[in-house]
$ cat run_36.cif   # mmCIF, C-alpha atoms
data_protein
loop_
_atom_site.group_PDB
_atom_site.id
_atom_site.type_symbol
_atom_site.label_atom_id
_atom_site.label_comp_id
_atom_site.auth_asym_id
_atom_site.auth_seq_id
_atom_site.Cartn_x
_atom_site.Cartn_y
_atom_site.Cartn_z
ATOM 1 C CA MET A 1 68.053 -60.604 -42.164
ATOM 2 C CA SER A 2 64.485 -61.018 -43.379
ATOM 3 C CA THR A 3 63.302 -59.652 -46.713
ATOM 4 C CA LEU A 4 62.836 -55.885 -46.462
ATOM 5 C CA ALA A 5 59.157 -55.019 -46.693
ATOM 6 C CA LEU A 6 58.939 -51.256 -47.139
ATOM 7 C CA ARG A 7 61.330 -48.425 -47.859
ATOM 8 C CA LEU A 8 60.855 -45.917 -45.049
ATOM 9 C CA ALA A 9 61.948 -42.426 -44.163
ATOM 10 C CA PHE A 10 61.584 -41.170 -40.591
ATOM 11 C CA ALA A 11 61.070 -37.730 -39.092
ATOM 12 C CA GLY A 12 61.296 -37.127 -35.342
ATOM 13 C CA THR A 13 63.337 -35.381 -32.678
ATOM 14 C CA PRO A 14 62.832 -36.109 -28.918
ATOM 15 C CA THR A 15 63.081 -39.241 -26.790
ATOM 16 C CA LEU A 16 59.564 -40.334 -27.724
ATOM 17 C CA ALA A 17 60.542 -40.389 -31.400
ATOM 18 C CA GLU A 18 63.805 -42.171 -30.565
ATOM 19 C CA THR A 19 61.812 -45.045 -29.017
ATOM 20 C CA ILE A 20 59.750 -45.400 -32.186
ATOM 21 C CA LEU A 21 62.754 -45.232 -34.522
ATOM 22 C CA LYS A 22 64.571 -47.815 -32.387
ATOM 23 C CA THR A 23 61.628 -50.190 -32.779
ATOM 24 C CA LEU A 24 61.691 -49.777 -36.564
ATOM 25 C CA ILE A 25 65.431 -50.478 -36.643
ATOM 26 C CA GLU A 26 65.147 -53.532 -34.403
ATOM 27 C CA ALA A 27 62.293 -54.945 -36.484
ATOM 28 C CA ASP A 28 65.014 -55.679 -39.073
ATOM 29 C CA ARG A 29 62.363 -55.555 -41.762
ATOM 30 C CA TYR A 30 62.450 -52.018 -43.107
ATOM 31 C CA ALA A 31 64.992 -50.131 -45.199
ATOM 32 C CA ILE A 32 65.267 -46.716 -43.506
ATOM 33 C CA SER A 33 66.726 -44.475 -46.173
ATOM 34 C CA ILE A 34 66.606 -41.039 -44.489
ATOM 35 C CA VAL A 35 66.124 -39.672 -40.982
ATOM 36 C CA PHE A 36 64.935 -36.083 -40.575
ATOM 37 C CA THR A 37 65.434 -34.401 -37.207
ATOM 38 C CA GLN A 38 65.637 -30.864 -35.824
ATOM 39 C CA PRO A 39 68.922 -28.933 -36.138
ATOM 40 C CA ASP A 40 71.403 -29.259 -33.269
ATOM 41 C CA SER A 41 70.785 -26.838 -30.417
ATOM 42 C CA ARG A 42 72.927 -25.204 -27.741
ATOM 43 C CA ALA A 43 72.251 -26.248 -24.151
ATOM 44 C CA GLY A 44 73.690 -25.991 -20.652
ATOM 45 C CA ARG A 45 75.874 -23.365 -19.028
ATOM 46 C CA GLY A 46 78.634 -23.853 -21.565
ATOM 47 C CA ARG A 47 76.143 -23.653 -24.455
ATOM 48 C CA LYS A 48 77.524 -26.915 -25.776
ATOM 49 C CA GLN A 49 76.103 -28.425 -28.924
ATOM 50 C CA ALA A 50 73.233 -30.787 -28.108
ATOM 51 C CA LEU A 51 72.183 -33.515 -30.509
ATOM 52 C CA SER A 52 68.592 -34.715 -30.545
ATOM 53 C CA PRO A 53 67.945 -38.255 -29.223
ATOM 54 C CA VAL A 54 66.882 -39.266 -32.744
ATOM 55 C CA LYS A 55 70.131 -37.989 -34.257
ATOM 56 C CA LYS A 56 72.230 -39.849 -31.687
ATOM 57 C CA LEU A 57 70.403 -43.093 -32.466
ATOM 58 C CA ALA A 58 70.616 -42.560 -36.217
ATOM 59 C CA GLU A 59 74.357 -41.909 -35.985
ATOM 60 C CA ARG A 60 74.912 -45.122 -34.024
ATOM 61 C CA HIS A 61 73.203 -47.056 -36.816
ATOM 62 C CA HIS A 62 74.914 -45.124 -39.624
ATOM 63 C CA LEU A 63 71.669 -43.835 -41.109
ATOM 64 C CA ASN A 64 71.490 -40.872 -43.482
ATOM 65 C CA ILE A 65 70.556 -37.782 -41.449
ATOM 66 C CA ARG A 66 68.985 -34.563 -42.679
ATOM 67 C CA GLN A 67 68.480 -31.487 -40.440
ATOM 68 C CA PRO A 68 66.642 -28.808 -42.440
ATOM 69 C CA VAL A 69 66.234 -25.490 -40.643
ATOM 70 C CA SER A 70 62.809 -24.808 -42.153
ATOM 71 C CA SER A 71 59.982 -26.720 -43.802
ATOM 72 C CA SER A 72 60.805 -25.164 -47.177
ATOM 73 C CA LEU A 73 64.217 -26.861 -47.061
ATOM 74 C CA ILE A 74 62.941 -30.391 -46.400
ATOM 75 C CA ASP A 75 64.108 -32.826 -49.083
ATOM 76 C CA PRO A 76 65.366 -30.444 -51.806
ATOM 77 C CA ASP A 77 66.927 -33.396 -53.656
ATOM 78 C CA ASN A 78 63.629 -35.339 -53.800
ATOM 79 C CA GLU A 79 65.023 -38.361 -51.947
ATOM 80 C CA LEU A 80 61.526 -39.075 -50.599
ATOM 81 C CA LEU A 81 60.358 -39.960 -54.110
ATOM 82 C CA HIS A 82 62.279 -43.215 -53.672
ATOM 83 C CA THR A 83 60.533 -44.178 -50.409
ATOM 84 C CA ASP A 84 57.227 -45.912 -49.727
ATOM 85 C CA ILE A 85 56.243 -44.187 -46.475
ATOM 86 C CA LEU A 86 57.478 -41.315 -44.318
ATOM 87 C CA VAL A 87 56.860 -42.104 -40.627
ATOM 88 C CA VAL A 88 56.566 -38.999 -38.438
ATOM 89 C CA ALA A 89 56.678 -38.848 -34.631
ATOM 90 C CA ALA A 90 57.129 -35.575 -32.705
ATOM 91 C CA TYR A 91 59.241 -34.031 -35.450
ATOM 92 C CA GLY A 92 58.504 -30.440 -34.417
ATOM 93 C CA MET A 93 58.032 -29.049 -37.919
ATOM 94 C CA ILE A 94 54.908 -28.891 -40.083
ATOM 95 C CA LEU A 95 55.352 -30.722 -43.370
ATOM 96 C CA PRO A 96 54.196 -28.898 -46.513
ATOM 97 C CA LYS A 97 51.989 -30.549 -49.128
ATOM 98 C CA SER A 98 54.975 -30.863 -51.465
ATOM 99 C CA VAL A 99 56.661 -33.187 -48.935
ATOM 100 C CA LEU A 100 53.516 -35.113 -47.972
ATOM 101 C CA ASN A 101 52.931 -36.087 -51.606
ATOM 102 C CA LYS A 102 56.404 -37.482 -52.287
ATOM 103 C CA PRO A 103 56.431 -40.953 -50.629
ATOM 104 C CA ARG A 104 54.669 -43.534 -52.799
ATOM 105 C CA MET A 105 52.185 -44.506 -50.057
ATOM 106 C CA GLY A 106 52.059 -41.179 -48.257
ATOM 107 C CA CYS A 107 53.007 -40.129 -44.717
ATOM 108 C CA ILE A 108 51.778 -41.475 -41.387
ATOM 109 C CA ASN A 109 52.045 -39.857 -37.967
ATOM 110 C CA VAL A 110 52.256 -41.400 -34.496
ATOM 111 C CA HIS A 111 50.414 -38.858 -32.345
ATOM 112 C CA THR A 112 50.200 -39.017 -28.545
ATOM 113 C CA SER A 113 46.502 -38.408 -27.972
ATOM 114 C CA LEU A 114 43.180 -39.977 -28.869
ATOM 115 C CA LEU A 115 42.440 -37.669 -31.759
ATOM 116 C CA PRO A 116 40.658 -35.415 -32.153
ATOM 117 C CA ARG A 117 40.880 -34.829 -28.370
ATOM 118 C CA TRP A 118 44.227 -32.975 -28.391
ATOM 119 C CA ARG A 119 45.758 -31.666 -31.594
ATOM 120 C CA GLY A 120 48.983 -29.686 -31.601
ATOM 121 C CA ALA A 121 52.356 -29.444 -29.918
ATOM 122 C CA ALA A 122 51.682 -30.542 -26.322
ATOM 123 C CA PRO A 123 48.993 -33.261 -26.231
ATOM 124 C CA ILE A 124 50.446 -35.150 -23.259
ATOM 125 C CA GLN A 125 50.842 -32.060 -21.068
ATOM 126 C CA ARG A 126 47.400 -30.712 -21.921
ATOM 127 C CA ALA A 127 45.713 -34.056 -21.211
ATOM 128 C CA ILE A 128 47.253 -34.228 -17.717
ATOM 129 C CA GLU A 129 46.608 -30.545 -17.037
ATOM 130 C CA ALA A 130 42.946 -30.907 -18.042
ATOM 131 C CA GLY A 131 42.450 -33.847 -15.693
ATOM 132 C CA ASP A 132 41.668 -36.365 -18.450
ATOM 133 C CA ASN A 133 41.226 -39.915 -17.199
ATOM 134 C CA GLU A 134 42.765 -41.442 -20.289
ATOM 135 C CA THR A 135 44.802 -40.648 -23.357
ATOM 136 C CA GLY A 136 46.445 -42.851 -25.945
ATOM 137 C CA ILE A 137 48.065 -42.975 -29.341
ATOM 138 C CA THR A 138 46.642 -42.322 -32.769
ATOM 139 C CA ILE A 139 48.339 -43.480 -35.934
ATOM 140 C CA MET A 140 46.935 -41.450 -38.797
ATOM 141 C CA GLN A 141 47.414 -40.596 -42.427
ATOM 142 C CA MET A 142 48.882 -37.118 -42.684
ATOM 143 C CA ASP A 143 47.283 -34.259 -44.581
ATOM 144 C CA GLU A 144 47.965 -30.527 -44.739
ATOM 145 C CA GLY A 145 46.047 -29.783 -41.528
ATOM 146 C CA LEU A 146 47.353 -29.876 -37.971
ATOM 147 C CA ASP A 147 46.677 -33.474 -36.835
ATOM 148 C CA THR A 148 43.504 -33.583 -38.943
ATOM 149 C CA GLY A 149 44.254 -36.688 -41.034
ATOM 150 C CA ASP A 150 42.230 -39.885 -41.189
ATOM 151 C CA ILE A 151 42.673 -42.297 -38.276
ATOM 152 C CA ILE A 152 44.232 -45.681 -39.047
ATOM 153 C CA LEU A 153 44.472 -47.016 -35.481
ATOM 154 C CA GLN A 154 43.975 -45.864 -31.886
ATOM 155 C CA ARG A 155 44.918 -47.452 -28.565
ATOM 156 C CA SER A 156 44.050 -45.963 -25.169
ATOM 157 C CA CYS A 157 46.131 -45.587 -22.009
ATOM 158 C CA PRO A 158 44.850 -44.554 -18.537
ATOM 159 C CA ILE A 159 46.280 -41.442 -16.912
ATOM 160 C CA LEU A 160 47.162 -42.283 -13.302
ATOM 161 C CA ALA A 161 47.416 -39.781 -10.444
ATOM 162 C CA GLU A 162 51.182 -40.317 -10.251
ATOM 163 C CA ASP A 163 51.768 -39.843 -13.986
ATOM 164 C CA THR A 164 53.983 -36.918 -14.896
ATOM 165 C CA THR A 165 54.479 -35.940 -18.538
ATOM 166 C CA ASP A 166 57.797 -37.802 -18.459
ATOM 167 C CA ILE A 167 56.204 -41.026 -17.205
ATOM 168 C CA LEU A 168 53.219 -40.868 -19.534
ATOM 169 C CA GLN A 169 55.410 -40.037 -22.518
ATOM 170 C CA ASP A 170 57.398 -43.243 -21.998
ATOM 171 C CA LYS A 171 54.199 -45.290 -21.817
ATOM 172 C CA LEU A 172 52.828 -43.749 -25.006
ATOM 173 C CA ALA A 173 56.135 -44.108 -26.851
ATOM 174 C CA SER A 174 56.137 -47.850 -26.182
ATOM 175 C CA LEU A 175 52.483 -48.118 -27.153
ATOM 176 C CA GLY A 176 52.997 -46.147 -30.358
ATOM 177 C CA ALA A 177 56.056 -48.149 -31.363
ATOM 178 C CA LYS A 178 54.277 -51.460 -30.833
ATOM 179 C CA TYR A 179 51.228 -50.593 -32.888
ATOM 180 C CA LEU A 180 53.160 -48.795 -35.602
ATOM 181 C CA LEU A 181 54.575 -52.171 -36.641
ATOM 182 C CA GLU A 182 51.022 -53.520 -36.859
ATOM 183 C CA VAL A 183 49.906 -50.588 -39.007
ATOM 184 C CA LEU A 184 52.879 -50.899 -41.370
ATOM 185 C CA GLU A 185 52.054 -54.563 -41.911
ATOM 186 C CA GLU A 186 48.431 -53.681 -42.647
ATOM 187 C CA ILE A 187 49.522 -50.977 -45.104
ATOM 188 C CA GLU A 188 51.789 -53.466 -46.831
ATOM 189 C CA ASN A 189 48.903 -55.954 -47.060
ATOM 190 C CA GLY A 190 46.432 -53.314 -48.206
ATOM 191 C CA THR A 191 44.051 -53.974 -45.305
ATOM 192 C CA ILE A 192 43.849 -50.574 -43.571
ATOM 193 C CA ALA A 193 40.483 -48.800 -43.395
ATOM 194 C CA PRO A 194 41.106 -45.189 -42.251
ATOM 195 C CA GLN A 195 38.277 -43.314 -40.538
ATOM 196 C CA LYS A 196 37.508 -39.597 -40.670
ATOM 197 C CA GLN A 197 37.916 -37.557 -37.483
ATOM 198 C CA ASP A 198 34.989 -35.773 -35.887
ATOM 199 C CA HIS A 199 36.420 -32.271 -36.151
ATOM 200 C CA ARG A 200 33.719 -30.910 -33.822
ATOM 201 C CA GLN A 201 35.398 -32.705 -30.910
ATOM 202 C CA ALA A 202 38.860 -31.220 -31.492
ATOM 203 C CA ASN A 203 40.861 -29.321 -28.865
ATOM 204 C CA TYR A 204 44.102 -27.463 -29.480
ATOM 205 C CA ALA A 205 47.075 -28.507 -27.328
ATOM 206 C CA SER A 206 49.077 -25.292 -27.533
ATOM 207 C CA LYS A 207 52.823 -25.213 -26.907
ATOM 208 C CA ILE A 208 53.709 -24.775 -23.231
ATOM 209 C CA ASN A 209 54.629 -21.228 -22.217
ATOM 210 C CA LYS A 210 57.002 -20.870 -19.237
ATOM 211 C CA LEU A 211 54.783 -18.161 -17.765
ATOM 212 C CA GLU A 212 52.015 -20.760 -17.412
ATOM 213 C CA ALA A 213 54.162 -22.614 -14.907
ATOM 214 C CA GLN A 214 53.618 -20.078 -12.112
ATOM 215 C CA ILE A 215 51.194 -21.533 -9.579
ATOM 216 C CA ASP A 216 47.948 -19.697 -8.932
ATOM 217 C CA TRP A 217 46.972 -20.676 -5.385
ATOM 218 C CA ASP A 218 43.406 -19.463 -5.910
ATOM 219 C CA LYS A 219 42.880 -22.527 -8.100
ATOM 220 C CA SER A 220 41.756 -25.770 -6.489
ATOM 221 C CA ALA A 221 44.303 -28.223 -5.117
ATOM 222 C CA LYS A 222 43.331 -30.722 -7.817
ATOM 223 C CA GLU A 223 43.886 -28.212 -10.634
ATOM 224 C CA ILE A 224 47.281 -27.214 -9.236
ATOM 225 C CA GLN A 225 48.302 -30.855 -8.834
ATOM 226 C CA GLN A 226 47.433 -31.514 -12.474
ATOM 227 C CA LYS A 227 49.510 -28.538 -13.624
ATOM 228 C CA ILE A 228 52.510 -29.621 -11.544
ATOM 229 C CA MET A 229 52.417 -33.149 -12.961
ATOM 230 C CA ALA A 230 51.858 -31.858 -16.509
ATOM 231 C CA PHE A 231 54.843 -29.488 -16.309
ATOM 232 C CA ASN A 232 57.227 -32.166 -15.018
ATOM 233 C CA PRO A 233 59.930 -32.379 -16.422
ATOM 234 C CA ALA A 234 59.535 -29.022 -18.204
ATOM 235 C CA PRO A 235 59.116 -26.141 -17.674
ATOM 236 C CA VAL A 236 58.430 -27.145 -14.000
ATOM 237 C CA ALA A 237 55.790 -25.354 -11.904
ATOM 238 C CA PHE A 238 57.140 -22.661 -9.576
ATOM 239 C CA THR A 239 56.052 -20.381 -6.742
ATOM 240 C CA GLU A 240 57.329 -18.306 -3.830
ATOM 241 C CA LEU A 241 56.702 -19.492 -0.271
ATOM 242 C CA ASN A 242 58.064 -17.732 2.807
ATOM 243 C CA SER A 243 60.454 -15.730 0.582
ATOM 244 C CA PHE A 244 61.819 -18.952 -0.940
ATOM 245 C CA GLU A 245 61.629 -19.345 -4.718
ATOM 246 C CA LEU A 246 60.664 -22.951 -5.262
ATOM 247 C CA ARG A 247 60.206 -25.224 -8.242
ATOM 248 C CA ILE A 248 57.548 -27.815 -7.466
ATOM 249 C CA TRP A 249 58.128 -31.241 -8.996
ATOM 250 C CA LYS A 250 55.497 -33.368 -7.282
ATOM 251 C CA ALA A 251 52.429 -32.707 -5.163
ATOM 252 C CA PHE A 252 48.975 -34.142 -4.567
ATOM 253 C CA ALA A 253 45.628 -32.804 -3.482
ATOM 254 C CA LEU A 254 44.151 -33.567 -0.056
ATOM 255 C CA GLU A 255 40.426 -33.616 0.614
ATOM 256 C CA ASP A 256 41.005 -31.139 3.419
ATOM 257 C CA SER A 257 40.658 -27.435 4.106
ATOM 258 C CA SER A 258 42.224 -25.039 6.584
ATOM 259 C CA ALA A 259 39.948 -22.358 8.006
ATOM 260 C CA GLY A 260 41.468 -18.956 8.700
ATOM 261 C CA LEU A 261 44.207 -19.050 6.078
ATOM 262 C CA GLN A 262 44.235 -17.461 2.641
ATOM 263 C CA PRO A 263 45.237 -19.405 -0.498
ATOM 264 C CA GLY A 264 49.009 -19.602 -0.793
ATOM 265 C CA ARG A 265 49.622 -19.755 2.983
ATOM 266 C CA ILE A 266 51.191 -22.787 4.635
ATOM 267 C CA ALA A 267 48.830 -24.916 6.705
ATOM 268 C CA ARG A 268 51.405 -27.324 8.124
ATOM 269 C CA CYS A 269 54.862 -28.809 7.587
ATOM 270 C CA SER A 270 55.694 -32.447 8.326
ATOM 271 C CA LYS A 271 57.866 -35.272 7.073
ATOM 272 C CA GLU A 272 55.023 -36.184 4.706
ATOM 273 C CA GLY A 273 55.175 -32.814 2.962
ATOM 274 C CA ILE A 274 54.405 -29.111 2.964
ATOM 275 C CA ASP A 275 50.642 -28.454 3.006
ATOM 276 C CA ILE A 276 49.485 -25.301 1.227
ATOM 277 C CA VAL A 277 46.036 -23.729 1.301
ATOM 278 C CA THR A 278 44.440 -23.382 -2.133
ATOM 279 C CA GLY A 279 41.161 -22.037 -3.448
ATOM 280 C CA LYS A 280 39.668 -25.417 -2.608
ATOM 281 C CA ASN A 281 41.279 -27.982 -0.286
ATOM 282 C CA ILE A 282 44.968 -28.488 0.554
ATOM 283 C CA LEU A 283 47.891 -29.249 -1.730
ATOM 284 C CA ARG A 284 50.713 -31.312 -0.260
ATOM 285 C CA ILE A 285 54.123 -30.644 -1.843
ATOM 286 C CA THR A 286 56.337 -33.746 -1.730
ATOM 287 C CA GLN A 287 59.239 -32.884 -4.064
ATOM 288 C CA LEU A 288 60.728 -29.438 -4.700
ATOM 289 C CA GLN A 289 63.864 -27.559 -5.689
ATOM 290 C CA LEU A 290 65.660 -24.327 -4.873
ATOM 291 C CA PRO A 291 67.274 -22.366 -7.731
ATOM 292 C CA GLY A 292 70.637 -23.885 -8.661
ATOM 293 C CA LYS A 293 70.119 -26.882 -6.354
ATOM 294 C CA ASN A 294 69.049 -30.478 -6.843
ATOM 295 C CA LYS A 295 65.420 -31.469 -6.370
ATOM 296 C CA VAL A 296 64.737 -33.043 -2.958
ATOM 297 C CA THR A 297 61.890 -34.470 -0.952
ATOM 298 C CA ALA A 298 59.915 -32.021 1.151
ATOM 299 C CA ASN A 299 61.233 -33.737 4.299
ATOM 300 C CA ASP A 300 64.870 -33.266 3.257
ATOM 301 C CA PHE A 301 64.158 -29.649 2.360
ATOM 302 C CA LEU A 302 62.611 -28.938 5.777
ATOM 303 C CA ASN A 303 65.496 -30.630 7.584
ATOM 304 C CA GLY A 304 67.946 -28.375 5.771
ATOM 305 C CA HIS A 305 65.960 -25.135 6.187
ATOM 306 C CA PRO A 306 64.750 -24.624 9.763
ATOM 307 C CA ASP A 307 64.188 -20.925 8.926
ATOM 308 C CA PHE A 308 61.438 -22.020 6.535
ATOM 309 C CA ILE A 309 59.690 -23.874 9.374
ATOM 310 C CA LYS A 310 59.928 -20.817 11.660
ATOM 311 C CA CYS A 311 58.183 -18.713 9.025
ATOM 312 C CA CYS A 312 55.615 -21.439 8.669
ATOM 313 C CA LEU A 313 54.813 -21.401 12.399
ATOM 314 C CA LYS A 314 54.402 -17.620 12.350
ATOM 315 C CA ALA A 315 51.878 -17.917 9.509
ATOM 316 C CA LEU A 316 49.599 -20.260 11.451
ATOM 317 C CA PRO A 317 46.607 -18.785 13.302
ATOM 318 C CA SER A 318 46.960 -18.726 17.080
#

$ encode --input "run_36.cif" --output "structure tokens"
Amino acid sequence: MSTLALRLAFAGTPTLAETILKTLIEADRYAISIVFTQPDSRAGRGRKQALSPVKKLAERHHLNIRQPVSSSLIDPDNELLHTDILVVAAYGMILPKSVLNKPRMGCINVHTSLLPRWRGAAPIQRAIEAGDNETGITIMQMDEGLDTGDIILQRSCPILAEDTTDILQDKLASLGAKYLLEVLEEIENGTIAPQKQDHRQANYASKINKLEAQIDWDKSAKEIQQKIMAFNPAPVAFTELNSFELRIWKAFALEDSSAGLQPGRIARCSKEGIDIVTGKNILRITQLQLPGKNKVTANDFLNGHPDFIKCCLKALPS
């Protein structure tokens, strides 16, 4: 083992944070004294206890785990006073000033947007939903504001048409983990030069509400496509077509229109997908799901539901 460089604490909860913690562990250079993560939840039909990805990883490596239920209960024993830096990544809880001031060299956050573009709880989803061409990671010094701290480093990442939140999250997790190691080395060497954010350019990435996931067919095909990709894997966009309640997992916009049909009506069904009229152009659904069933391709769905095709034919103008 190499000489340990910094004494770290870590705060994070989902898979994205797990990737970053794993990189810190594998670097074999840092003493990770404490891991903070959200309390265990109940999930599934049996309401079984669900551990966060970060907790599972921390347990495998026998790290000290803390799961405070509120920000006021973070670090009551002042363990952070014996650390150099607290690294935060998608923790899901706002840290009070009393916590931010404890580590000797402060707290840094790995945030999944090019700040100040998207501040808040859902930067990846909001970037896809807004049709941004790129996003990235920002590693910043934390202050009392919501993602308002000084920027230490940024790296960009293109948003591709096929990128869902799940796909883009994995890309940004890897990017953040890689450059976090670079930032920690610069902090250790005293060579960082943080830059102030331009607060005038900030946008708030509010937490996703399930009600937002209902598709509004009066929107353009491109806007609906962006929402579908942004809400994959959760909460998943949904709609009702031909009396079928459907969750829509993947779709893409066609530069096409269908005269004589109102938004929300089916223009055609084929093995390539189910084409729906929107406020502007056609949206082709390629992956969908019935309640309580597995998600399937549009072709497999049509093969298993000939009644859906009959309704589709009736909807077409003669």

$ closest_residue --input "run_36.cif" --among "A:Ile167, A:Ala202, A:Val69, A:Leu153" --to "Ser41 of chain A" --atoms "only C-alpha atoms"
A:Val69

$ atom_distance --input "run_36.cif" --atom1 "atom CA of Pro76 of chain A" --atom2 "atom CA of Thr37 of chain A"
15.1 Å

$ resolve_selection --input "run_36.cif" --expression "the PyMOL selection byres ((chain A and resi 72) around 10)" --output "ChimeraX atom specification"
/A:68-71,73-76,94-96,98-99

$ residues_around --input "run_36.cif" --residues "Ile274 of chain A" --least-positions-apart "4" --cutoff "9 Å" --atoms "all atoms listed in the file" --output "list of chain:residue names"
A:Ile266, A:Ala267, A:Arg268, A:Cys269, A:Ser270, A:Leu283, A:Arg284, A:Ile285, A:Thr286, A:Ala298, A:Asn299, A:Leu302

$ closest_residue --input "run_36.cif" --among "A:Lys280, A:Lys22, A:His199, A:Lys171" --to "Lys222 of chain A" --atoms "only C-alpha atoms"
A:Lys280

$ resolve_selection --input "run_36.cif" --expression "the PyMOL selection byres ((chain A and resi 137) around 6)" --output "NGL selection string"
:A and (111-114 or 136 or 138 or 154-155 or 176)

$ atom_distance --input "run_36.cif" --atom1 "atom CA of Ile128 of chain A" --atom2 "atom CA of Gly279 of chain A"
19.7 Å

$ atom_distance --input "run_36.cif" --atom1 "atom CA of Lys48 of chain A" --atom2 "atom CA of His61 of chain A"
23.4 Å

$ axis_aligned_box --input "run_36.cif" --around "segment 8-21 of chain A" --padding-each-side "3 Å" --output "lines of an AutoDock Vina configuration file"
center_x = 61.7
center_y = -40.6
center_z = -35.9
size_x = 10.2
size_y = 16.5
size_z = 24.3

$ closest_residue --input "run_36.cif" --among "A:Ile224, A:Ile34, A:Leu290, A:Ile208" --to "Asp77 of chain A" --atoms "only C-alpha atoms"
A:Ile34

$ resolve_selection --input "run_36.cif" --expression "the PyMOL selection byres ((chain A and resi 210) around 9)" --output "VMD selection string"
chain A and resid 208 to 209 211 to 214 234 to 237

$ closest_residue --input "run_36.cif" --among "A:Glu186, A:Asp166, A:Asp150, A:Asp307" --to "Trp249 of chain A" --atoms "all atoms listed in the file"
A:Asp166

$ closest_residue --input "run_36.cif" --among "A:Leu57, A:Ala5, A:Leu115, A:Ala89" --to "Asp28 of chain A" --atoms "all atoms listed in the file"
A:Ala5

$ closest_residue --input "run_36.cif" --among "A:Ser258, A:Asn189, A:Thr278, A:Ser156" --to "Asn133 of chain A" --atoms "only C-alpha atoms"
A:Ser156

$ residues_near_point --input "run_36.cif" --point "(48.5, -27.1, -8.8)" --cutoff "10 Å" --atoms "only C-alpha atoms" --output "NGL selection string"
:A and (129 or 213-230 or 237-238 or 248 or 250-253 or 278 or 283-285)
